[in-house]
file my_file-v4.txt (compact mmCIF, N, CA and C atoms)
# COMPACT_ATOMS: atom_id res chain seq x y z
N ALA A 23 158.76 11.41 93.86
CA ALA A 23 157.69 12.12 94.51
C ALA A 23 157.20 13.22 93.58
N GLU A 24 155.87 13.41 93.59
CA GLU A 24 155.28 14.43 92.73
C GLU A 24 155.29 15.77 93.44
N ASN A 25 155.57 16.78 92.69
CA ASN A 25 155.44 18.14 93.19
C ASN A 25 154.12 18.68 92.64
N ILE A 26 153.20 19.03 93.52
CA ILE A 26 151.92 19.55 93.10
C ILE A 26 151.80 20.97 93.60
N LEU A 27 151.46 21.85 92.70
CA LEU A 27 151.31 23.25 93.04
C LEU A 27 149.95 23.72 92.56
N PHE A 28 149.24 24.40 93.40
CA PHE A 28 147.91 24.91 93.05
C PHE A 28 148.03 26.39 92.69
N LEU A 29 147.46 26.74 91.55
CA LEU A 29 147.41 28.14 91.13
C LEU A 29 146.02 28.68 91.41
N GLU A 30 145.97 29.91 91.81
CA GLU A 30 144.70 30.54 92.11
C GLU A 30 144.59 31.82 91.29
N PRO A 31 143.35 32.30 91.12
CA PRO A 31 143.19 33.58 90.42
C PRO A 31 144.02 34.65 91.11
N GLY A 32 144.69 35.46 90.33
CA GLY A 32 145.52 36.51 90.88
C GLY A 32 147.00 36.16 90.84
N ASP A 33 147.33 34.89 90.62
CA ASP A 33 148.73 34.54 90.47
C ASP A 33 149.25 35.19 89.19
N GLY A 34 150.42 35.73 89.25
CA GLY A 34 150.97 36.47 88.12
C GLY A 34 151.32 35.58 86.94
N ALA A 35 151.39 36.19 85.76
CA ALA A 35 151.72 35.47 84.54
C ALA A 35 153.13 34.93 84.60
N GLY A 36 154.02 35.63 85.28
CA GLY A 36 155.41 35.16 85.40
C GLY A 36 155.49 33.84 86.14
N LYS A 37 154.70 33.68 87.17
CA LYS A 37 154.69 32.44 87.95
C LYS A 37 154.17 31.29 87.08
N ILE A 38 153.14 31.57 86.33
CA ILE A 38 152.57 30.54 85.45
C ILE A 38 153.57 30.17 84.36
N TYR A 39 154.24 31.15 83.79
CA TYR A 39 155.24 30.89 82.75
C TYR A 39 156.36 30.01 83.30
N ASP A 40 156.86 30.32 84.49
CA ASP A 40 157.93 29.52 85.10
C ASP A 40 157.48 28.08 85.33
N LEU A 41 156.24 27.91 85.77
CA LEU A 41 155.75 26.56 86.04
C LEU A 41 155.56 25.75 84.76
N LEU A 42 155.10 26.41 83.72
CA LEU A 42 154.88 25.69 82.46
C LEU A 42 156.18 25.20 81.84
N HIS A 43 157.26 25.84 82.16
CA HIS A 43 158.55 25.43 81.60
C HIS A 43 159.35 24.54 82.55
N ASN A 44 158.73 24.04 83.59
CA ASN A 44 159.36 23.11 84.50
C ASN A 44 158.68 21.75 84.34
N PRO A 45 159.33 20.80 83.66
CA PRO A 45 158.69 19.52 83.36
C PRO A 45 158.48 18.61 84.58
N ASP A 46 159.05 18.95 85.73
CA ASP A 46 158.92 18.11 86.90
C ASP A 46 157.69 18.44 87.74
N ILE A 47 156.91 19.43 87.35
CA ILE A 47 155.78 19.86 88.16
C ILE A 47 154.48 19.62 87.40
N TYR A 48 153.54 18.97 88.07
CA TYR A 48 152.19 18.83 87.52
C TYR A 48 151.38 20.05 87.96
N ILE A 49 150.68 20.62 87.02
CA ILE A 49 149.97 21.85 87.32
C ILE A 49 148.47 21.59 87.36
N TYR A 50 147.87 21.99 88.44
CA TYR A 50 146.42 21.95 88.58
C TYR A 50 145.94 23.39 88.76
N ILE A 51 145.09 23.80 87.90
CA ILE A 51 144.59 25.16 87.96
C ILE A 51 143.12 25.11 88.36
N TYR A 52 142.84 25.76 89.45
CA TYR A 52 141.47 25.85 89.92
C TYR A 52 140.89 27.19 89.46
N LEU A 53 139.81 27.11 88.79
CA LEU A 53 139.14 28.33 88.36
C LEU A 53 137.90 28.51 89.23
N TYR A 54 137.81 29.66 89.77
CA TYR A 54 136.65 29.98 90.58
C TYR A 54 135.68 30.78 89.70
N ILE A 55 134.60 30.16 89.34
CA ILE A 55 133.62 30.81 88.50
C ILE A 55 132.34 30.96 89.29
N CYS A 56 131.92 32.17 89.43
CA CYS A 56 130.67 32.45 90.12
C CYS A 56 129.71 33.05 89.12
N ILE A 57 128.58 32.45 88.96
CA ILE A 57 127.56 32.95 88.07
C ILE A 57 126.34 33.27 88.91
N TYR A 58 125.94 34.50 88.83
CA TYR A 58 124.75 34.92 89.55
C TYR A 58 123.67 35.24 88.53
N ILE A 59 122.56 34.57 88.62
CA ILE A 59 121.45 34.80 87.72
C ILE A 59 120.28 35.31 88.54
N LYS A 60 119.80 36.46 88.14
CA LYS A 60 118.66 37.04 88.84
C LYS A 60 117.47 36.96 87.88
N ILE A 61 116.45 36.26 88.28
CA ILE A 61 115.26 36.10 87.48
C ILE A 61 114.12 36.84 88.16
N THR A 62 113.48 37.72 87.40
CA THR A 62 112.33 38.44 87.94
C THR A 62 111.13 38.12 87.07
N THR A 63 109.99 38.12 87.69
CA THR A 63 108.75 37.89 86.95
C THR A 63 107.79 39.02 87.26
N GLN A 64 106.97 39.34 86.26
CA GLN A 64 105.94 40.34 86.43
C GLN A 64 104.64 39.77 85.88
N ILE A 65 103.55 40.07 86.54
CA ILE A 65 102.27 39.56 86.07
C ILE A 65 101.39 40.72 85.62
N ASN A 66 100.38 40.38 84.85
CA ASN A 66 99.41 41.35 84.33
C ASN A 66 100.06 42.46 83.51
N MET A 67 101.07 42.10 82.73
CA MET A 67 101.73 43.08 81.87
C MET A 67 100.93 43.24 80.58
N LYS A 68 100.89 44.47 80.08
CA LYS A 68 100.21 44.76 78.81
C LYS A 68 101.20 44.77 77.66
N LYS A 69 102.43 45.20 77.95
CA LYS A 69 103.49 45.27 76.94
C LYS A 69 104.80 44.81 77.56
N THR A 70 105.66 44.27 76.72
CA THR A 70 107.00 43.91 77.17
C THR A 70 107.96 44.05 76.01
N ASP A 71 109.22 44.36 76.32
CA ASP A 71 110.22 44.47 75.27
C ASP A 71 111.25 43.36 75.44
N TYR A 72 111.79 42.94 74.31
CA TYR A 72 112.86 41.96 74.30
C TYR A 72 113.82 42.36 73.19
N LEU A 73 115.04 42.66 73.56
CA LEU A 73 116.06 43.17 72.64
C LEU A 73 115.53 44.41 71.93
N ASP A 74 115.23 44.33 70.65
CA ASP A 74 114.78 45.52 69.94
C ASP A 74 113.35 45.41 69.43
N VAL A 75 112.52 44.62 70.12
CA VAL A 75 111.12 44.46 69.75
C VAL A 75 110.25 44.73 70.97
N LEU A 76 109.16 45.48 70.76
CA LEU A 76 108.18 45.74 71.80
C LEU A 76 106.93 44.95 71.46
N PHE A 77 106.55 44.03 72.34
CA PHE A 77 105.39 43.18 72.12
C PHE A 77 104.20 43.72 72.89
N SER A 78 103.05 43.83 72.22
CA SER A 78 101.80 44.18 72.89
C SER A 78 101.08 42.87 73.17
N LEU A 79 100.95 42.54 74.44
CA LEU A 79 100.37 41.26 74.82
C LEU A 79 98.85 41.28 74.76
N GLU A 80 98.27 42.46 74.64
CA GLU A 80 96.81 42.57 74.57
C GLU A 80 96.28 42.17 73.20
N ASN A 81 96.93 42.67 72.15
CA ASN A 81 96.42 42.42 70.81
C ASN A 81 97.36 41.61 69.91
N GLY A 82 98.49 41.16 70.43
CA GLY A 82 99.39 40.29 69.68
C GLY A 82 100.21 40.99 68.61
N THR A 83 100.40 42.29 68.72
CA THR A 83 101.20 43.01 67.75
C THR A 83 102.60 43.24 68.29
N TYR A 84 103.50 43.62 67.39
CA TYR A 84 104.87 43.94 67.78
C TYR A 84 105.38 45.05 66.90
N ARG A 85 106.37 45.79 67.44
CA ARG A 85 106.94 46.94 66.74
C ARG A 85 108.37 47.12 67.21
N PRO A 86 109.19 47.90 66.49
CA PRO A 86 110.56 48.16 66.96
C PRO A 86 110.55 48.84 68.32
N TYR A 87 111.54 48.53 69.13
CA TYR A 87 111.66 49.13 70.46
C TYR A 87 112.95 49.94 70.51
N ARG A 88 112.84 51.14 71.04
CA ARG A 88 114.01 51.99 71.30
C ARG A 88 113.88 52.56 72.69
N LYS A 89 115.00 52.70 73.36
CA LYS A 89 114.98 53.37 74.65
C LYS A 89 114.72 54.86 74.42
N GLU A 90 114.23 55.51 75.46
CA GLU A 90 113.99 56.94 75.35
C GLU A 90 115.28 57.67 75.03
N ASN A 91 115.16 58.73 74.25
CA ASN A 91 116.30 59.57 73.85
C ASN A 91 117.38 58.80 73.11
N ASN A 92 117.03 57.71 72.46
CA ASN A 92 117.96 56.94 71.64
C ASN A 92 117.56 57.14 70.19
N TYR A 93 118.26 58.02 69.51
CA TYR A 93 117.90 58.38 68.15
C TYR A 93 118.86 57.72 67.17
N PRO A 94 118.34 57.21 66.05
CA PRO A 94 119.22 56.54 65.08
C PRO A 94 120.11 57.54 64.36
N VAL A 95 121.33 57.10 64.05
CA VAL A 95 122.28 57.88 63.27
C VAL A 95 122.84 56.94 62.21
N TYR A 96 122.80 57.36 60.97
CA TYR A 96 123.27 56.51 59.87
C TYR A 96 124.48 57.14 59.20
N ILE A 97 125.26 56.31 58.49
CA ILE A 97 126.44 56.81 57.79
C ILE A 97 126.01 57.83 56.74
N ASN A 98 126.83 58.83 56.53
CA ASN A 98 126.52 59.88 55.58
C ASN A 98 126.62 59.34 54.16
N LYS A 99 125.71 59.80 53.32
CA LYS A 99 125.65 59.36 51.92
C LYS A 99 126.97 59.65 51.20
N LYS A 100 127.65 60.72 51.61
CA LYS A 100 128.91 61.10 50.95
C LYS A 100 130.13 60.50 51.64
N SER A 101 129.91 59.54 52.54
CA SER A 101 131.04 58.94 53.25
C SER A 101 131.86 58.08 52.30
N ASN A 102 132.96 57.61 52.81
CA ASN A 102 133.90 56.82 52.01
C ASN A 102 133.56 55.34 52.02
N HIS A 103 132.31 54.99 52.28
CA HIS A 103 131.91 53.59 52.25
C HIS A 103 131.69 53.16 50.80
N PRO A 104 131.75 51.86 50.52
CA PRO A 104 131.50 51.41 49.14
C PRO A 104 130.12 51.88 48.66
N LYS A 105 130.05 52.19 47.36
CA LYS A 105 128.82 52.74 46.78
C LYS A 105 127.63 51.82 47.01
N HIS A 106 127.83 50.50 46.90
CA HIS A 106 126.69 49.58 47.07
C HIS A 106 126.16 49.61 48.50
N ILE A 107 127.01 49.92 49.48
CA ILE A 107 126.55 50.04 50.86
C ILE A 107 125.71 51.31 51.01
N ASN A 108 126.24 52.42 50.53
CA ASN A 108 125.49 53.68 50.61
C ASN A 108 124.16 53.59 49.89
N ASP A 109 124.13 52.96 48.72
CA ASP A 109 122.90 52.86 47.94
C ASP A 109 121.88 51.94 48.61
N ALA A 110 122.35 50.90 49.29
CA ALA A 110 121.45 49.90 49.86
C ALA A 110 120.97 50.24 51.27
N LEU A 111 121.59 51.21 51.92
CA LEU A 111 121.25 51.50 53.32
C LEU A 111 119.77 51.78 53.56
N PRO A 112 119.12 52.66 52.80
CA PRO A 112 117.69 52.91 53.06
C PRO A 112 116.84 51.64 52.92
N LYS A 113 117.16 50.81 51.95
CA LYS A 113 116.39 49.56 51.77
C LYS A 113 116.63 48.61 52.95
N MET A 114 117.87 48.54 53.44
CA MET A 114 118.17 47.67 54.58
C MET A 114 117.45 48.14 55.84
N VAL A 115 117.44 49.45 56.05
CA VAL A 115 116.75 50.01 57.22
C VAL A 115 115.26 49.74 57.11
N GLY A 116 114.70 49.95 55.92
CA GLY A 116 113.29 49.69 55.71
C GLY A 116 112.93 48.23 55.94
N LYS A 117 113.79 47.33 55.50
CA LYS A 117 113.54 45.90 55.70
C LYS A 117 113.58 45.55 57.18
N ARG A 118 114.54 46.11 57.89
CA ARG A 118 114.66 45.82 59.32
C ARG A 118 113.42 46.30 60.07
N ILE A 119 112.98 47.52 59.81
CA ILE A 119 111.80 48.05 60.50
C ILE A 119 110.56 47.27 60.08
N SER A 120 110.49 46.88 58.81
CA SER A 120 109.35 46.08 58.35
C SER A 120 109.29 44.75 59.07
N ASN A 121 110.44 44.11 59.22
CA ASN A 121 110.48 42.80 59.90
C ASN A 121 110.14 42.91 61.38
N LEU A 122 110.41 44.07 61.97
CA LEU A 122 110.12 44.26 63.39
C LEU A 122 108.72 44.83 63.63
N SER A 123 107.97 45.05 62.56
CA SER A 123 106.61 45.60 62.67
C SER A 123 105.61 44.55 62.21
N SER A 124 104.56 44.37 62.98
CA SER A 124 103.57 43.35 62.63
C SER A 124 102.57 43.84 61.59
N SER A 125 102.55 45.14 61.29
CA SER A 125 101.63 45.65 60.26
C SER A 125 102.21 46.89 59.60
N LYS A 126 101.63 47.25 58.47
CA LYS A 126 102.08 48.45 57.76
C LYS A 126 101.82 49.70 58.59
N GLN A 127 100.71 49.74 59.33
CA GLN A 127 100.39 50.90 60.14
C GLN A 127 101.45 51.11 61.24
N LEU A 128 101.88 50.04 61.87
CA LEU A 128 102.92 50.15 62.90
C LEU A 128 104.25 50.57 62.27
N PHE A 129 104.54 50.05 61.08
CA PHE A 129 105.75 50.44 60.36
C PHE A 129 105.75 51.95 60.12
N GLU A 130 104.64 52.46 59.61
CA GLU A 130 104.57 53.89 59.30
C GLU A 130 104.72 54.76 60.54
N SER A 131 104.20 54.29 61.65
CA SER A 131 104.33 55.08 62.89
C SER A 131 105.77 55.07 63.41
N GLU A 132 106.52 54.03 63.10
CA GLU A 132 107.91 53.93 63.58
C GLU A 132 108.93 54.47 62.59
N ALA A 133 108.60 54.49 61.30
CA ALA A 133 109.58 54.84 60.27
C ALA A 133 109.90 56.33 60.23
N ASN A 134 109.08 57.17 60.80
CA ASN A 134 109.28 58.60 60.73
C ASN A 134 110.64 59.02 61.30
N MET A 135 110.98 58.48 62.46
CA MET A 135 112.25 58.83 63.09
C MET A 135 113.44 58.41 62.22
N ASP A 136 113.34 57.23 61.60
CA ASP A 136 114.42 56.75 60.75
C ASP A 136 114.49 57.53 59.45
N ASN A 137 113.34 57.94 58.91
CA ASN A 137 113.34 58.78 57.71
C ASN A 137 114.06 60.10 57.98
N ASN A 138 113.82 60.68 59.14
CA ASN A 138 114.51 61.93 59.51
C ASN A 138 116.01 61.70 59.65
N ALA A 139 116.40 60.58 60.25
CA ALA A 139 117.82 60.28 60.43
C ALA A 139 118.49 60.07 59.07
N LEU A 140 117.80 59.41 58.15
CA LEU A 140 118.36 59.22 56.81
C LEU A 140 118.49 60.55 56.08
N ARG A 141 117.51 61.43 56.21
CA ARG A 141 117.60 62.75 55.58
C ARG A 141 118.78 63.53 56.16
N ASN A 142 119.00 63.44 57.47
CA ASN A 142 120.13 64.12 58.10
C ASN A 142 121.47 63.58 57.59
N ALA A 143 121.47 62.32 57.13
CA ALA A 143 122.69 61.70 56.61
C ALA A 143 122.85 61.90 55.11
N GLY A 144 121.92 62.66 54.49
CA GLY A 144 122.08 62.98 53.08
C GLY A 144 121.30 62.10 52.12
N TYR A 145 120.44 61.22 52.61
CA TYR A 145 119.65 60.34 51.75
C TYR A 145 118.33 61.03 51.41
N THR A 146 117.85 60.81 50.19
CA THR A 146 116.58 61.41 49.77
C THR A 146 115.46 60.38 49.75
N GLU A 147 115.81 59.10 49.84
CA GLU A 147 114.81 58.04 49.78
C GLU A 147 113.94 58.05 51.04
N THR A 148 112.70 57.60 50.88
CA THR A 148 111.79 57.43 52.00
C THR A 148 111.61 55.94 52.23
N LEU A 149 111.60 55.54 53.49
CA LEU A 149 111.48 54.12 53.81
C LEU A 149 110.14 53.57 53.34
N GLN A 150 110.18 52.38 52.76
CA GLN A 150 108.98 51.73 52.25
C GLN A 150 108.76 50.43 53.01
N TYR A 151 107.51 50.16 53.31
CA TYR A 151 107.15 48.91 53.99
C TYR A 151 107.37 47.75 53.03
N GLN A 152 107.98 46.70 53.52
CA GLN A 152 108.23 45.50 52.71
C GLN A 152 107.50 44.34 53.36
N GLU A 153 106.60 43.75 52.59
CA GLU A 153 105.85 42.60 53.10
C GLU A 153 106.83 41.51 53.53
N GLN A 154 106.51 40.88 54.64
CA GLN A 154 107.38 39.80 55.14
C GLN A 154 107.13 38.56 54.31
N GLN A 155 108.22 37.96 53.87
CA GLN A 155 108.11 36.74 53.09
C GLN A 155 108.03 35.56 54.02
N SER A 156 107.21 34.59 53.64
CA SER A 156 107.12 33.39 54.46
C SER A 156 108.41 32.60 54.35
N ASP A 157 108.69 31.77 55.34
CA ASP A 157 109.91 30.98 55.33
C ASP A 157 109.86 30.01 54.15
N ARG A 158 110.95 30.01 53.43
CA ARG A 158 111.03 29.08 52.31
C ARG A 158 111.69 27.80 52.76
N LYS A 159 111.35 26.73 52.08
CA LYS A 159 111.94 25.42 52.44
C LYS A 159 113.37 25.37 51.94
N LYS A 160 114.20 24.78 52.76
CA LYS A 160 115.62 24.67 52.40
C LYS A 160 115.91 23.34 51.78

call {"tool": "encode", "arguments": {"input": "my_file-v4.txt", "output": "structure tokens"}}
result
Amino acid sequence: AENILFLEPGDGAGKIYDLLHNPDIYIYIYLYICIYIKITTQINMKKTDYLDVLFSLENGTYRPYRKENNYPVYINKKSNHPKHINDALPKMVGKRISNLSSSKQLFESEANMDNNALRNAGYTETLQYQEQQSDRKK
């Protein structure tokens, strides 16, 4: 005769350990997974954000998105990070903001806050707009 035992969420690890070391018992574990998805829709929107990009639906432009009172902080130039990381940080930040901006004008309007944060971290470089390269064939 088979011994069947059902485990439920909340059963202790000791009980599971004892059962796993008993070769005469078949173990069936029921997992109760509840997924709740809430989908909302809005109509007649002029702008919307997704992750770290703010899209203007009126004119098809996009720019970096930050929540209010969320100011960037970067590693200090004199920190103990590898030299190549410290030297490349302003260029990496500039590339990120450039990629998230649909034009040079939007880049310049967004880069001011990051330039200040870099200066506070000891960097003297000013962020430069980098033209987006088209996708290359692989």

call {"tool": "atom_distance", "arguments": {"input": "my_file-v4.txt", "atom1": "atom C of Ile59 (chain A)", "atom2": "CA of Leu76 (chain A)"}}
result
23.1 Å

call {"tool": "atom_distance", "arguments": {"input": "my_file-v4.txt", "atom1": "CA of Leu122 (chain A)", "atom2": "atom C of Lys100 (chain A)"}}
result
28.3 Å

call {"tool": "atom_distance", "arguments": {"input": "my_file-v4.txt", "atom1": "CA of Ala139 (chain A)", "atom2": "CA of Gln154 (chain A)"}}
result
23.6 Å

call {"tool": "closest_residue", "arguments": {"input": "my_file-v4.txt", "among": "A:Ala143, A:Ile61, A:Leu79, A:Met67", "to": "Pro112 (chain A)", "atoms": "only C-alpha atoms"}}
result
A:Ala143

call {"tool": "residues_around", "arguments": {"input": "my_file-v4.txt", "residues": "region 149-152 of chain A", "least_positions_apart": "6", "cutoff": "9 Å", "atoms": "only C-alpha atoms", "output": "PyMOL selection string"}}
result
chain A and resi 112-113+115-117+119-121+125-126+129-130+133-134+136-137

call {"tool": "select_by_dssp", "arguments": {"input": "my_file-v4.txt", "residues": "region 54-147 of chain A", "states": "strand (DSSP E or B)", "output": "JSON, numbers by chain"}}
result
{"A": [69, 70, 71, 72, 75, 76, 77, 78, 83, 84, 85, 86]}

call {"tool": "closest_residue", "arguments": {"input": "my_file-v4.txt", "among": "A:Val75, A:Pro86, A:Ile97, A:Asn91", "to": "Leu140 (chain A)", "atoms": "all atoms listed in the file"}}
result
A:Ile97

call {"tool": "residues_around", "arguments": {"input": "my_file-v4.txt", "residues": "Glu80 (chain A)", "least_positions_apart": "4", "cutoff": "8 Å", "atoms": "all atoms listed in the file", "output": "list in words"}}
result
Met67, Lys68, Lys69 and Thr70 of chain A

call {"tool": "select_by_dssp", "arguments": {"input": "my_file-v4.txt", "residues": "region 54-155 of chain A", "states": "alpha helix (DSSP H)", "output": "number ranges by chain"}}
result
A: 105-121, 126-142

call {"tool": "residues_around", "arguments": {"input": "my_file-v4.txt", "residues": "Asn138 (chain A)", "least_positions_apart": "6", "cutoff": "12 Å", "atoms": "only C-alpha atoms", "output": "list in words"}}
result
Tyr93, Pro94, Val95, Tyr96, Pro112, Glu132, Gly144, Tyr145, Thr146, Glu147, Thr148 and Leu149 of chain A

call {"tool": "write_last_selection", "arguments": {"input": "my_file-v4.txt", "atoms": "N, CA and C atoms", "output": "tab-separated table (two decimals), keeping the file's coordinate frame"}}
result
chain	number	residue	atom	x	y	z
A	93	TYR	N	118.26	58.02	69.51
A	93	TYR	CA	117.90	58.38	68.15
A	93	TYR	C	118.86	57.72	67.17
A	94	PRO	N	118.34	57.21	66.05
A	94	PRO	CA	119.22	56.54	65.08
A	94	PRO	C	120.11	57.54	64.36
A	95	VAL	N	121.33	57.10	64.05
A	95	VAL	CA	122.28	57.88	63.27
A	95	VAL	C	122.84	56.94	62.21
A	96	TYR	N	122.80	57.36	60.97
A	96	TYR	CA	123.27	56.51	59.87
A	96	TYR	C	124.48	57.14	59.20
A	112	PRO	N	119.12	52.66	52.80
A	112	PRO	CA	117.69	52.91	53.06
A	112	PRO	C	116.84	51.64	52.92
A	132	GLU	N	106.52	54.03	63.10
A	132	GLU	CA	107.91	53.93	63.58
A	132	GLU	C	108.93	54.47	62.59
A	144	GLY	N	121.92	62.66	54.49
A	144	GLY	CA	122.08	62.98	53.08
A	144	GLY	C	121.30	62.10	52.12
A	145	TYR	N	120.44	61.22	52.61
A	145	TYR	CA	119.65	60.34	51.75
A	145	TYR	C	118.33	61.03	51.41
A	146	THR	N	117.85	60.81	50.19
A	146	THR	CA	116.58	61.41	49.77
A	146	THR	C	115.46	60.38	49.75
A	147	GLU	N	115.81	59.10	49.84
A	147	GLU	CA	114.81	58.04	49.78
A	147	GLU	C	113.94	58.05	51.04
A	148	THR	N	112.70	57.60	50.88
A	148	THR	CA	111.79	57.43	52.00
A	148	THR	C	111.61	55.94	52.23
A	149	LEU	N	111.60	55.54	53.49
A	149	LEU	CA	111.48	54.12	53.81
A	149	LEU	C	110.14	53.57	53.34

call {"tool": "closest_residue", "arguments": {"input": "my_file-v4.txt", "among": "A:Asn66, A:Tyr84, A:Asn98, A:Glu90", "to": "Asn142 (chain A)", "atoms": "all atoms listed in the file"}}
result
A:Asn98

call {"tool": "build_atoms", "arguments": {"input": "my_file-v4.txt", "residues": "region 82-99 of chain A", "atoms": "N, CA, C and O atoms", "output": "PDB file, in the coordinates of the input"}}
result
ATOM      1  N   GLY A  82      98.490  41.160  70.430  1.00  0.00           N
ATOM      2  CA  GLY A  82      99.390  40.290  69.680  1.00  0.00           C
ATOM      3  C   GLY A  82     100.210  40.990  68.610  1.00  0.00           C
ATOM      4  O   GLY A  82     100.694  40.348  67.683  1.00  0.00           O
ATOM      5  N   THR A  83     100.400  42.290  68.720  1.00  0.00           N
ATOM      6  CA  THR A  83     101.200  43.010  67.750  1.00  0.00           C
ATOM      7  C   THR A  83     102.600  43.240  68.290  1.00  0.00           C
ATOM      8  O   THR A  83     102.861  43.099  69.480  1.00  0.00           O
ATOM      9  N   TYR A  84     103.500  43.620  67.390  1.00  0.00           N
ATOM     10  CA  TYR A  84     104.870  43.940  67.780  1.00  0.00           C
ATOM     11  C   TYR A  84     105.380  45.050  66.900  1.00  0.00           C
ATOM     12  O   TYR A  84     104.904  45.273  65.785  1.00  0.00           O
ATOM     13  N   ARG A  85     106.370  45.790  67.440  1.00  0.00           N
ATOM     14  CA  ARG A  85     106.940  46.940  66.740  1.00  0.00           C
ATOM     15  C   ARG A  85     108.370  47.120  67.210  1.00  0.00           C
ATOM     16  O   ARG A  85     108.764  46.571  68.247  1.00  0.00           O
ATOM     17  N   PRO A  86     109.190  47.900  66.490  1.00  0.00           N
ATOM     18  CA  PRO A  86     110.560  48.160  66.960  1.00  0.00           C
ATOM     19  C   PRO A  86     110.550  48.840  68.320  1.00  0.00           C
ATOM     20  O   PRO A  86     109.664  49.637  68.622  1.00  0.00           O
ATOM     21  N   TYR A  87     111.540  48.530  69.130  1.00  0.00           N
ATOM     22  CA  TYR A  87     111.660  49.130  70.460  1.00  0.00           C
ATOM     23  C   TYR A  87     112.950  49.940  70.510  1.00  0.00           C
ATOM     24  O   TYR A  87     114.010  49.491  70.073  1.00  0.00           O
ATOM     25  N   ARG A  88     112.840  51.140  71.040  1.00  0.00           N
ATOM     26  CA  ARG A  88     114.010  51.990  71.300  1.00  0.00           C
ATOM     27  C   ARG A  88     113.880  52.560  72.690  1.00  0.00           C
ATOM     28  O   ARG A  88     112.788  52.903  73.136  1.00  0.00           O
ATOM     29  N   LYS A  89     115.000  52.700  73.360  1.00  0.00           N
ATOM     30  CA  LYS A  89     114.980  53.370  74.650  1.00  0.00           C
ATOM     31  C   LYS A  89     114.720  54.860  74.420  1.00  0.00           C
ATOM     32  O   LYS A  89     114.971  55.386  73.336  1.00  0.00           O
ATOM     33  N   GLU A  90     114.230  55.510  75.460  1.00  0.00           N
ATOM     34  CA  GLU A  90     113.990  56.940  75.350  1.00  0.00           C
ATOM     35  C   GLU A  90     115.280  57.670  75.030  1.00  0.00           C
ATOM     36  O   GLU A  90     116.360  57.300  75.482  1.00  0.00           O
ATOM     37  N   ASN A  91     115.160  58.730  74.250  1.00  0.00           N
ATOM     38  CA  ASN A  91     116.300  59.570  73.850  1.00  0.00           C
ATOM     39  C   ASN A  91     117.380  58.800  73.110  1.00  0.00           C
ATOM     40  O   ASN A  91     118.546  59.183  73.146  1.00  0.00           O
ATOM     41  N   ASN A  92     117.030  57.710  72.460  1.00  0.00           N
ATOM     42  CA  ASN A  92     117.960  56.940  71.640  1.00  0.00           C
ATOM     43  C   ASN A  92     117.560  57.140  70.190  1.00  0.00           C
ATOM     44  O   ASN A  92     116.624  56.508  69.707  1.00  0.00           O
ATOM     45  N   TYR A  93     118.260  58.020  69.510  1.00  0.00           N
ATOM     46  CA  TYR A  93     117.900  58.380  68.150  1.00  0.00           C
ATOM     47  C   TYR A  93     118.860  57.720  67.170  1.00  0.00           C
ATOM     48  O   TYR A  93     120.074  57.682  67.404  1.00  0.00           O
ATOM     49  N   PRO A  94     118.340  57.210  66.050  1.00  0.00           N
ATOM     50  CA  PRO A  94     119.220  56.540  65.080  1.00  0.00           C
ATOM     51  C   PRO A  94     120.110  57.540  64.360  1.00  0.00           C
ATOM     52  O   PRO A  94     119.720  58.674  64.110  1.00  0.00           O
ATOM     53  N   VAL A  95     121.330  57.100  64.050  1.00  0.00           N
ATOM     54  CA  VAL A  95     122.280  57.880  63.270  1.00  0.00           C
ATOM     55  C   VAL A  95     122.840  56.940  62.210  1.00  0.00           C
ATOM     56  O   VAL A  95     123.293  55.830  62.536  1.00  0.00           O
ATOM     57  N   TYR A  96     122.800  57.360  60.970  1.00  0.00           N
ATOM     58  CA  TYR A  96     123.270  56.510  59.870  1.00  0.00           C
ATOM     59  C   TYR A  96     124.480  57.140  59.200  1.00  0.00           C
ATOM     60  O   TYR A  96     124.709  58.353  59.303  1.00  0.00           O
ATOM     61  N   ILE A  97     125.260  56.310  58.490  1.00  0.00           N
ATOM     62  CA  ILE A  97     126.440  56.810  57.790  1.00  0.00           C
ATOM     63  C   ILE A  97     126.010  57.830  56.740  1.00  0.00           C
ATOM     64  O   ILE A  97     124.947  57.714  56.135  1.00  0.00           O
ATOM     65  N   ASN A  98     126.830  58.830  56.530  1.00  0.00           N
ATOM     66  CA  ASN A  98     126.520  59.880  55.580  1.00  0.00           C
ATOM     67  C   ASN A  98     126.620  59.340  54.160  1.00  0.00           C
ATOM     68  O   ASN A  98     127.486  58.523  53.842  1.00  0.00           O
ATOM     69  N   LYS A  99     125.710  59.800  53.320  1.00  0.00           N
ATOM     70  CA  LYS A  99     125.650  59.360  51.920  1.00  0.00           C
ATOM     71  C   LYS A  99     126.970  59.650  51.200  1.00  0.00           C
ATOM     72  O   LYS A  99     127.376  58.909  50.324  1.00  0.00           O
TER      73      LYS A  99
END
